[in-house]
Amino acid sequence: MSASPSSARQPLTFAAFYTAAADWARTDGLTWIYLFKALAAAFLSLYVAMKLDLPQPRTAMTTVFIVMQPQSGMVFAKSFYRICGTLVGLVVMLALIGLFAQQPELFIASTAIWVGICTAGAARNRNFRTYGFVLAGYTAALIGFPAAQHPDDAFMSALTRVAEIVVGIVCSGVVSGLVFPRFSGEQMRTTVRARFSAFVEYVSASLSGQVERAQIEATNARFVADIVGFEAIRSVAVFETPYSRMRSGRLSRMNSEFMTASTRFHALHQLMNRLHDAGAAVAIEALEPYFKEIAPLLGKSGEPVLTAADAVHAAKQLDTYKAELPKRMRATREALETRPEAPLLDFDTAAELLYRFVDDLHAYAATYASLGVDTHERERWIDRYEPKTNALAVGVAGARAAIVIALLGAFWIATAWPSGVTLLPVGAATCALASTSPNPTRMAFQMAAGTILSSLMGMIVVFGLYPHVDGFPLLCVALAPFLLLGVFMTTRPKLAGYGVGYCIFFCFLAGPDNVIHYDPTAFINDALALFLSMLACSAAFALLLPPSLPWMRNRLLIDLRRHVVLACNSRLTRLRSRFESGARDLMFQINALAEKEPEVKRDSLRWLFAVLEVGNAMIDLRREIAALTPDARYAETMPWRVAERRMRNAVAALFDRPGAQRMDAALAATSDATAAVRQVLATFTPAREERHQLERILSHLHFIRTALLDPQSPLETLVAKRSEGQEGVRHAT
C-alpha cells in the first residue's frame with residue numbers, strides 16, 4: 001500500500017522551525033531589518049529638522065537615503081566623506097558667489113569647472129573617498145545656484161543647508177550603529193579566513209598537478225576581485241570598532257603579502273610547465289620532492305588552517321622549512337653538477353622562485369597569525385594599496401561633467417526657466433554619481449526612470465495625502481509605503497539605479513517641509529527639470545567618449561602593460577606594492593567593463609599574468625643588483641651592468657608598444673645580459689654570498705627570457721618564426 005499524502009508529510013517540529021527562522025534571518029531577514037532601519041533614520045532626521053525649525057527638513061531626509069548602507073562601517077565612512085565634501089563645497093561656493101554673483105555667465109562657467117574637477121577626482125579615487133569628491137561638486141551646485149539668486153542671504157542659506165545635511169548624517173549614523181548594527185569587520189574576518197583556506201587549497205592542488213588551465217585562470221580572476229574588495233572593506237572597517245583600527249595595518253599588509261605570494265606561486269607554476277614542455281626531466285625530478293613537502297606545512301594536525309590561532313602553527317612550520325631549504329637546495333645542486341646533461345640554470349631559477357614563494361607564504365601566514373592579538377610588531381607597515389586609474393578617462397569624466405553643466409546653464413539663461421535652479425545641481429550630482437559606475441549611461445538612465453516613478457508617487461503624496469495628514473505619526477504612516485518601495489529597490493542589484501533615483505528625488509519633490517506649498521505648476525516644473533538633467537547626463541555619457549566602449553578597455557590594457565615599464569625604471573622604494581596593487585586594480589576595472597565578454601576578460605588575464613611575471617622578476621633583479629657590495633667589478637659602467645640596463649630598456653619598450661621587432665630586441669638583449677653575467681662569474685671568484693647574488697641575478701634574467709617565450713603568454717604571437725634548428729632557443733638554458 002502506498003502512503004497517503006497526509007502520512008508522508010513530516011511534522012513541523014520546534015527545531016525545524018528554528019532552523020528555518022535562522023535561515024530567513026541570515027538572508028531575507030537582513031534585508032527587512034535594513035528597510036526598517038532606513039525608514040527609522042529618515043523619520044528621525046525629519047523629526048529633528050522640524051523641531052530645529054530648519055527651512056527644508058526634506059534635505060535631511062534626502063541625506064539619509066544618500067548615505068544609508070546595510071553595514072554600519074559603510075554609513076560611517078560615507079558620512080565622514082560627505083561631511084568633508086560638503087564643507088569643501090560650501091567654502092568654494094561662497095567664494096564663487098562673492099566673485100561672480102552679478103555675472104551669471106561667469107558664475108555658471110566657474111561652477112562647471114569646479115564640478116568637472118570634482119568629477120575627475122571622483123573618477124580617480126576609490127571606495128568612499130570618491131564620494132567626498134562627488135559631494136564637493138554637488139554641494140557647491142546645490143548651495144550655489146539657489147543662493148546666487150539672493151546673494152545677500154547666501155551665507156545663512158548655505159549654513160542652514162549644511163545643518164540639514166549634518167542632521168541627516170548624524171541620524172543615519174545613530175540608527176545604523178545602535179539598531180541591529182552590522183559591522184564590516186565581521187565580514188572582513190570571514191573573508192580573511194576563507195581566502196587563506198582557498199589559497200592553501202589552490203596551492204596544494206596545483207602542486208599535485210590536479211588543476212587545469214581554465215581553473216587556474218578562474219581562480220586568479222577571483223583573487224583579483226577578492227584583493228580589490230578586501231581593500232574596500234578594510235577602508236570602511238576602520239570607522240567601526242577599535243578592533244578593526246588596531247589591525248588595519250596588518251590587514252593591509254596581509255592583502256599585499258597575498259598579492260605577492262599568489263604572483264610568486266603562479267610564476268613558479270608556469271616555470272615548471274615550461275620545463276615540462278622543454279623536456280627538462282632532470283630538473284623537474286630534482287625539484288618535485290620539495291613541492292610535495294609544502295602542502296603538509298599549511299595545515300595543523302592534518303586539518304586546514306581556519307583561524308589566526310591555527311596559522312601560528314603553520315607559520316612556525318614554514319619558518320623552520322624556510323631556514324633549512326637553502327642548505328638542502330645546495331646539496332641537490334651539487335648532486336646535479338655530477339650529471340653533464342643537468343640543466344643547472346633551469347634548476348637554479350626554479351629553486352630561487354621556490355625559496356621566494358616559501359618566504360612570501362611564511363610572511364602571509366605570520367601576518368594572519370598576528371591577528372589573534374590586539375597589538376603586534378607587524379602592524380607597522382608603510383606600504384599601502386594604491387589604485388590605478390587611467391588619466392585620460394579621468395580627464396574625460398571631468399570634461400564631460402563640465403560640458404553638461406555649461407550646456408544646462410546656457411539653457412537656463414536662455415529660457416529663464418524658474419526650475420533651472422533645480423536643473424543644474426541635479427545634473428552635477430548625476431554626472432558625478434554615474435561616473436563612478438562601470439556603465440554610467442545605464443546608471444543615469446535608471447536614475448531618470450526612478451525619478452519619473454518618484455514624480456508620480458510624489459504627486460499622489462503631496463496633493464492626495466498631505467491635505468488629510470494631521471500630526472507627525474500620521475505623516476510617517478503616510479510616507480512609509482512609498483519610501484519602502486524605493487529602499488527595497490536599492491537592495492536589488494538590477495534595480496539599484498532605479499532605487500537611488502526614486503529615493504533621493506522622491507524626498508526632493510515630496511519630502512515635507514515645516515510649511516508645505518501646494519503648487520502643482522512648480523511641482524511639475526521641478527519634476528521635469530530632474531528628468532531633463534538626468535537625460536542630458538545619460539546622453540552625454542552615451543555620446544562623449546562613452547567609457548563602456550572598447551577604447552576605454554584598450555586604454556586600461558595599455559596602462560596594465562606599462563606597469564612593466566614602472567617595474568623597470570621607477571625607484572625601488574615601495575615599488576612592489578605599487579606595482580602589484582596597480583596591476584590588479586586595472587584588471588578589476590577591465591573585468592567590470594567587459595562583464596559580458598569572456599574572451600576579452602581571458603585575454604586581459606593573460607596579459608596580467610605576463611605583466612606580473614616579468615615585472616616582479618625585474619623588481620627582484622634590480623633589488624639584487626642594488627644590494628651588491630661597492631666594488632669596481634659591479635660599477636654601473638661595467639659591461640654587464642650596461643647590458644643589464646639595455647635589457648631593461650628593451651623589455652620596457654616591448655611592453656610599452658608590443659611588436660615583433662621589439663620582441664626580437666628584448667630576447668637578444670636578455671641573452672646578451674645573461675652572457676655578460678656568466679662572463680663575470682667566469683672571470684673571478686667572488687665571496688660566497690656575492691657569488692650567490694650573481695647566481696640569483698642570472699636566475700632572474702633566465703626567468704624573464706622564459707616568461708617572454710611562454711606559449712601561454714600573449715607575447716607568443718610576436719615571436720619571430722625560427723627554423724627547426726633554432727627552436728631550442730625557446731627554452732635555452
# chains A, B, ... in the order shown; residues from 1 in each chain; ligands from 1
call {"tool": "residues_around", "arguments": {"residues": "Arg250 (chain A)", "least_positions_apart": "5", "cutoff": "10 Å", "atoms": "only C-alpha atoms", "output": "count of residues only"}}
result
15
call {"tool": "residues_around", "arguments": {"residues": "Tyr202 (chain A)", "least_positions_apart": "6", "cutoff": "12 Å", "atoms": "only C-alpha atoms", "output": "count of residues only"}}
result
21
call {"tool": "closest_residue", "arguments": {"among": "A:Gly499, A:Pro242, A:Pro512, A:Pro493", "to": "Ser45 (chain A)", "atoms": "only C-alpha atoms"}}
result
A:Pro512
call {"tool": "residues_around", "arguments": {"residues": "region 54-56 of chain A", "least_positions_apart": "4", "cutoff": "7 Å", "atoms": "only C-alpha atoms", "output": "PyMOL selection string"}}
result
chain A and resi 49-50+160+164+513-514
call {"tool": "closest_residue", "arguments": {"among": "A:Glu595, A:Asp23, A:Glu303, A:Asp672", "to": "Glu644 (chain A)", "atoms": "only C-alpha atoms"}}
result
A:Asp672
call {"tool": "closest_residue", "arguments": {"among": "A:Gly398, A:Gly173, A:Gly497, A:Pro340", "to": "Ile113 (chain A)", "atoms": "only C-alpha atoms"}}
result
A:Gly398
call {"tool": "select_by_dssp", "arguments": {"residues": "region 573-653 of chain A", "states": "alpha helix (DSSP H)", "output": "count of residues only"}}
result
63
call {"tool": "residues_around", "arguments": {"residues": "Ser235 (chain A)", "least_positions_apart": "2", "cutoff": "9 Å", "atoms": "only C-alpha atoms", "output": "list in words"}}
result
Ala77, Asn127, Phe128, Phe230, Glu231, Ala232, Ile233, Ala237, Val238, Phe239 and Ser248 of chain A
call {"tool": "residues_around", "arguments": {"residues": "Ala42 (chain A)", "least_positions_apart": "6", "cutoff": "8 Å", "atoms": "only C-alpha atoms", "output": "JSON, numbers by chain"}}
result
{"A": [60, 61, 62, 64, 65, 168, 171, 172]}
